Amino acid sequence: MLLDVLGWERNAIFTEPPTGSGFIDYLVRTGSGRNLFVIEAKKAGLLAPETKSNDKMTIALDGPVAKPMKDGIRQALVYATEQGVPTAVLTDGLTWLFFRASRTDGRPPLKGKGILFPSWKSVVEYFVPFTELISPRAVLDKRHLAHLNDAEGYTVSQAEQQYTVYPPNEAKMRARDPMASDAAELFAQFFSRLSNDQDKEMLRDCFVETAESHKADLELEKIIQNVLNNVSAIATNRGGALQDQIERAMASQRAETVLLIGNKGSGKSTFIDRFFGDILPEALRKKCLMARVDLAESTGSPANAIDWCILQLRNALETGITSGPAPDYEELQGIFFNDYQRLSKGPLRHLYESDKNAFKIEFGRLIETRRESQPDEYVRLLLHRAAKGHGLLPCLVFDNTDQFPLEIQDKVYQLAHSLESAAPVFNIVPITDRSVWRLSKAGALQSYTSRSFYLPVPDAKQIISRRVSFIKKKLEGEKPATEAYFSRRGFRVQINDIRVMADTVEKIFVDNDYVTGLIGRLGNFDIRRMLKLAERIFVSPELKVDDIIRSSFGGPSVTADRLRTHRALIKGEYDRLSEIENDFVTNVFVTEQTKPGSPLLPFYCLWVLRQKLNASKAGESDDRHWLADDLCSYFDQCGVPEDITLRTLRRLYKRGLIETLDPNAEDVELSDRVAIKESGMAHLEMVLTSSVYLEQTALVTGLADQPVRDELKKLTIQPNAQKFVELRDIFIRYLLKTDAARLEIPSGPTFISLQEARRNIRGRIGEERHQPRHPSRDAGRDGSRRRPK
């Protein structure tokens with residue numbers, strides 16, 4: 001029942017663990033070893049409750065219905081108390097009773113109530129509420145406690161009414177500036193796009209070479225040269241002597257497997273294209289047979305992933321070593337030469353000697369059957385033929401394996417290594433740093449030798465600068481060729497306009513380290529996300545790209561100051577912050593209406609995780625992660641229920657502000673280890689330094705205090721700089737007041753960090769009044785200068 005039906009892991013269930021009072025029948029724990037509940041099991045049919053009903057029901061533990069179960073209830077209560085668990089289950093497999101084992105309301109446990117499923121029929125008919133009491137997710141989310149509280153009539157709704165100045169789900173898209181559509185097209189073609197088969201030249205030319213990528217170029221070239229020295233072409237016109245030649249060449253066989261490590265969006269695929277297309281000397285390039293398997297093009301079925309890889313290799317290798325789109329008969333005869341020799345001298349000898357054409361027909365039928373039914377064997381023959389027959393080095397690339405679970409990545413790596421037995425091959429497996437860390441603990445990475453190269457992600461400034469340079473280089477070409485290049489990409493605007501927009505991109509992003517630095521952190525240094533963020537800023541009406549472009553034609557000088565940039569980043573093309581359309585900026589002050597916690601709890605979680613990161617040892621991934629169970633216990637000492645902390649961690653995880661040690665975790669569980677990501681660091685920075693972030697979150701956060709909402713709303717009428725300072729101050733005071741009511745920070749060294757975090761929030765009150773005047777601080781809501789009234 002626990003394993004096959006409810007889905008508990010076997011390692012979570014302990015049978016007959018000894019205690020001071022005896023042996024517990026079943027003790028269920030979390031992955032981190034925290035006890036959850038006990039089960040007292042009796043012989044089937046022994047628990048016969050005093051009822052003829054088959055309905056799920058609530059019963060008093062000391063009432064008449066429970067009378068036949070009294071001994072079992074008492075036994076379960078003793079074990080539960082010893083193990084410190086809140087609930088216990090009594091069952092004989094047919095009858096199931098769930099009840100509170102520990103209480104804090106002063107009532108003895110035996111005076112409480114339980115939820116009874118009196119028969120197997122009741123379990124089947126009420127299976128959904130049954131699972132809500134004992135399934136893994138329900139217990140870890142503490143929904144089982146909510147049901148037991150309901151049974152006793154103690155549950156009082158903790159839901160609160162929330163009021164917002166501007167509801168985020170009602171965000172409206174604002175009209176684009178006249179040139180914003182052209183600007184968006186420019187970004188789509190040259191900045192946002194990373195996988196454009198029609199413009200691989202751009203991707204290769206715009207690859208930002210770092211010290212590590214340059215080192216990888218040189219090392220890969222050396223390795224390829226080394227492997228090629230062990231690959232020799234064989235004269236295939238010697239007929240029966242071919243086998244002898246192959247055997248001699250095989251004696252010097254050597255293969256290599258390379259791991260190309262980088263985080264998601266680091267440009268690993270582009271690096272490979274660039275390496276084989278531009279970096280590798282032509283003499284070596286001609287001796288390489290490139291076969292790329294891009295798992296991003298697969299159906300995504302884990303069960304068929306390896307078979308799919310083999311078929312892709314088959315097609316790529318056939319194309320590479322044959323004279324046409326498919327091998328002709330003579331080429332197939334060479335690929336299956338050993339079989340040709342064996343059949344002609346063995347089983348089909350008489351047919352071969354009597355009718356060679358009939359022999360060839362029969363041989364063709366046999367090898368086609370083998371090609372289709374045994375593609376793995378056929379791929380190995382193709383590799384052997386490429387290396388020993390053509391003197392080529394098969395370079396096999398297994399790309400985008402990170403889209404699959406770790407066990408599939410492990411199998412792909414195993415496949416790559418297994419092909420080394422067929423011929424000298426050069427395997428390249430791009431993989432993320434998180435995946436390689438996990439796979440190195442067990443599996444094929446632990447069993448085989450490979451060389452690893454790390455590709456760090458360049459910063460956003462370098463990426464955008466390289467693409468601006470590429471555009472300008474194209475613009476410097478001959479006019480017809482230049483116009484043709486841009487028109488093929490859908491541009492209808494004049495070349496001069498493209499030049500001006502490229503200059504504008506350079507002015508906003510390349511000349512402004514602050515903007516590109518923030519983009520990098522919010523995008524978690526994923527190139528795709530960084531470029532999408534840059535596009536979001538560039539086309540936002542808040543940036544007023546038209547004004548900036550006009551300034552290039554002699555108009556008033558306009559720059560994208562920090563305030564404009566923050567508004568463009570946070571609001572995009574909408575009239576307010578809305579997480580529905582904004583994957584990059586999260587409102588960390590949101591609280592759940594059904595069971596609200598402190599609005600500063602997400603901020604505190606990020607704060608302490610950053611402290612954990614700062615205290616960790618360099619390079620120790622495990623050291624910077626904090627067990628979610630321990631983090632919940634930490635905040636439990638502040639009076640925050642475990643389920644509220646866990647729910648907060650899950651929201652931060654889904655928004656990309658924190659990560660789990662297991663890169664494939666769908667959600668955060670108590671047994672997961674979590675760490676702050678770069679986006680989480682950027683959000684801490686925005687909370688503590690960005691007046692725009694506080695202003696926008698003040699306007700869209702649900703507040704439990706209607707008068708505060710009304711006060712904020714008044715300040716949005718005819719806004720000016722001073723009013724928005726007041727708005728932010730009111731909002732911060734509300735956050736601190738609500739936080740103090742829902743989260744109490746204990747004294748002592750363990751909680752010094754939380755006390756510091758709260759002080760930093762409090763320190764933002766009135767900060768702009770206490771600082772010298774600055775042009776950006778006198779800006780109005782649209783970023784323009786306003787004269788104080």
# chains A, B, ... in the order shown; residues from 1 in each chain; ligands from 1
$ residues_around --residues "Leu699 of chain A" --least-positions-apart "3" --cutoff "6 Å" --atoms "only C-alpha atoms" --output "PyMOL selection string"
chain A and resi 165-166+696
$ residues_around --residues "Thr257 of chain A" --least-positions-apart "3" --cutoff "8 Å" --atoms "only C-alpha atoms" --output "list in words"
Ala416, His417, Phe426, Asn427, Ile428, Val429, Thr449, Ser450 and Arg451 of chain A
$ write_last_selection --atoms "C-alpha atoms" --output "PDB file, in the first residue's frame"
ATOM      1  CA  ALA A 416      29.666   7.481 -26.540  1.00  0.00           C
ATOM      2  CA  HIS A 417      32.309   5.459 -24.695  1.00  0.00           C
ATOM      3  CA  PHE A 426      36.555  11.629 -31.015  1.00  0.00           C
ATOM      4  CA  ASN A 427      33.501  12.089 -28.767  1.00  0.00           C
ATOM      5  CA  ILE A 428      32.319  15.491 -27.607  1.00  0.00           C
ATOM      6  CA  VAL A 429      29.580  15.633 -24.971  1.00  0.00           C
ATOM      7  CA  THR A 449      38.391   8.361 -18.565  1.00  0.00           C
ATOM      8  CA  SER A 450      37.640  11.643 -20.300  1.00  0.00           C
ATOM      9  CA  ARG A 451      39.067  15.109 -20.688  1.00  0.00           C
TER      10      ARG A 451
END
$ residues_around --residues "Val38 of chain A" --least-positions-apart "5" --cutoff "8 Å" --atoms "only C-alpha atoms" --output "PyMOL selection string"
chain A and resi 24-28+76+79-80+85+87-89
$ atom_distance --atom1 "atom CA of His390 of chain A" --atom2 "atom CA of Lys286 of chain A"
11.3 Å
$ select_by_dssp --residues "segment 238-460 of chain A" --states "strand (DSSP E)" --output "VMD selection string"
chain A and resid 256 to 261 288 to 294 393 to 399 426 to 431 451 to 454
$ closest_atom_pairs --of "segment 272-318 of chain A" --to "segment 396-411 of chain A" --cutoff "12 Å" --atoms "only C-alpha atoms" --output "Markdown table"
| residue | atom | partner | partner_atom | distance |
| --- | --- | --- | --- | --- |
| A:Ile272 | CA | A:Val397 | CA | 8.6 |
| A:Asp273 | CA | A:Val397 | CA | 10.4 |
| A:Phe276 | CA | A:Val397 | CA | 11.3 |
| A:Cys288 | CA | A:Leu396 | CA | 9.9 |
| A:Leu289 | CA | A:Leu396 | CA | 8.3 |
| A:Met290 | CA | A:Leu396 | CA | 6.3 |
| A:Ala291 | CA | A:Leu396 | CA | 5.0 |
| A:Arg292 | CA | A:Val397 | CA | 4.7 |
| A:Val293 | CA | A:Phe398 | CA | 4.9 |
| A:Asp294 | CA | A:Asp399 | CA | 4.7 |
| A:Leu295 | CA | A:Asn400 | CA | 5.4 |
| A:Ala296 | CA | A:Asn400 | CA | 5.8 |
| A:Glu297 | CA | A:Asn400 | CA | 9.1 |
| A:Ser298 | CA | A:Asn400 | CA | 10.1 |
| A:Thr299 | CA | A:Phe404 | CA | 11.1 |
| A:Gly300 | CA | A:Phe404 | CA | 7.5 |
| A:Ser301 | CA | A:Phe404 | CA | 8.8 |
| A:Pro302 | CA | A:Ile408 | CA | 6.5 |
| A:Ala303 | CA | A:Ile408 | CA | 8.6 |
| A:Asn304 | CA | A:Ile408 | CA | 9.8 |
| A:Ala305 | CA | A:Ile408 | CA | 7.4 |
| A:Ile306 | CA | A:Lys411 | CA | 7.3 |
| A:Asp307 | CA | A:Lys411 | CA | 10.9 |
| A:Trp308 | CA | A:Phe398 | CA | 11.6 |
| A:Cys309 | CA | A:Phe398 | CA | 8.2 |
| A:Ile310 | CA | A:Phe398 | CA | 10.8 |
| A:Gln312 | CA | A:Phe398 | CA | 10.3 |
| A:Leu313 | CA | A:Leu396 | CA | 8.1 |
| A:Arg314 | CA | A:Leu396 | CA | 11.3 |
| A:Ala316 | CA | A:Leu396 | CA | 9.7 |
| A:Leu317 | CA | A:Leu396 | CA | 9.5 |
$ closest_residue --among "A:Arg647, A:Arg143, A:Arg365, A:His683" --to "Pro596 of chain A" --atoms "only C-alpha atoms"
A:Arg647
$ closest_residue --among "A:Phe130, A:Phe187, A:Phe635, A:Phe751" --to "Ser598 of chain A" --atoms "only C-alpha atoms"
A:Phe635
$ closest_residue --among "A:Asn263, A:Gln341, A:Ser119, A:Thr701" --to "Ile732 of chain A" --atoms "only C-alpha atoms"
A:Thr701
$ atom_distance --atom1 "atom CA of Glu535 of chain A" --atom2 "atom CA of Glu476 of chain A"
24.3 Å
$ decode --residues "segment 717-778 of chain A" --atoms "C-alpha atoms" --output "short mmCIF file (atom, residue, chain, number, x, y, z; two decimals), in the first residue's frame"
data_model
loop_
_atom_site.label_atom_id
_atom_site.label_comp_id
_atom_site.auth_asym_id
_atom_site.auth_seq_id
_atom_site.Cartn_x
_atom_site.Cartn_y
_atom_site.Cartn_z
CA ILE A 717 -2.66 60.88 -8.34
CA GLN A 718 -0.59 63.54 -10.09
CA PRO A 719 2.62 61.82 -9.07
CA ASN A 720 5.95 63.50 -8.56
CA ALA A 721 9.30 62.45 -7.19
CA GLN A 722 8.46 63.41 -3.59
CA LYS A 723 5.20 61.46 -3.64
CA PHE A 724 6.98 58.31 -4.73
CA VAL A 725 9.48 58.65 -1.91
CA GLU A 726 6.51 58.82 0.48
CA LEU A 727 4.88 55.86 -1.26
CA ARG A 728 7.96 53.71 -0.78
CA ASP A 729 8.28 54.73 2.87
CA ILE A 730 4.66 53.82 3.62
CA PHE A 731 5.13 50.47 1.90
CA ILE A 732 8.33 49.67 3.82
CA ARG A 733 6.67 50.53 7.14
CA TYR A 734 3.78 48.21 6.23
CA LEU A 735 6.25 45.40 5.40
CA LEU A 736 8.09 45.84 8.71
CA LYS A 737 4.89 46.04 10.76
CA THR A 738 3.43 42.89 9.16
CA ASP A 739 6.75 41.12 9.43
CA ALA A 740 7.02 41.88 13.16
CA ALA A 741 3.55 40.43 13.72
CA ARG A 742 4.24 37.20 11.84
CA LEU A 743 7.94 36.53 12.38
CA GLU A 744 9.84 36.98 15.63
CA ILE A 745 13.61 36.95 15.33
CA PRO A 746 15.14 35.37 18.46
CA SER A 747 18.19 36.86 20.08
CA GLY A 748 21.48 35.02 19.90
CA PRO A 749 24.32 34.58 17.41
CA THR A 750 22.38 32.18 15.17
CA PHE A 751 19.97 34.92 14.17
CA ILE A 752 22.32 37.89 13.86
CA SER A 753 22.07 37.60 10.08
CA LEU A 754 18.26 37.92 10.14
CA GLN A 755 18.46 40.94 12.44
CA GLU A 756 20.87 42.55 9.99
CA ALA A 757 18.50 41.82 7.09
CA ARG A 758 15.62 43.50 8.91
CA ARG A 759 17.82 46.53 9.71
CA ASN A 760 18.72 46.87 6.05
CA ILE A 761 15.04 47.02 5.10
CA ARG A 762 14.35 49.57 7.83
CA GLY A 763 17.31 51.62 6.63
CA ARG A 764 15.59 52.28 3.32
CA ILE A 765 12.95 54.48 4.96
CA GLY A 766 13.50 58.10 3.99
CA GLU A 767 16.90 57.36 2.49
CA GLU A 768 16.41 59.66 -0.48
CA ARG A 769 15.59 62.59 1.77
CA HIS A 770 18.89 62.13 3.55
CA GLN A 771 21.06 62.06 0.44
CA PRO A 772 22.32 64.89 -1.81
CA ARG A 773 20.14 65.67 -4.77
CA HIS A 774 20.94 63.65 -7.86
CA PRO A 775 19.44 64.04 -11.34
CA SER A 776 18.05 60.52 -11.43
CA ARG A 777 16.40 60.99 -8.03
CA ASP A 778 14.44 63.99 -9.22
#
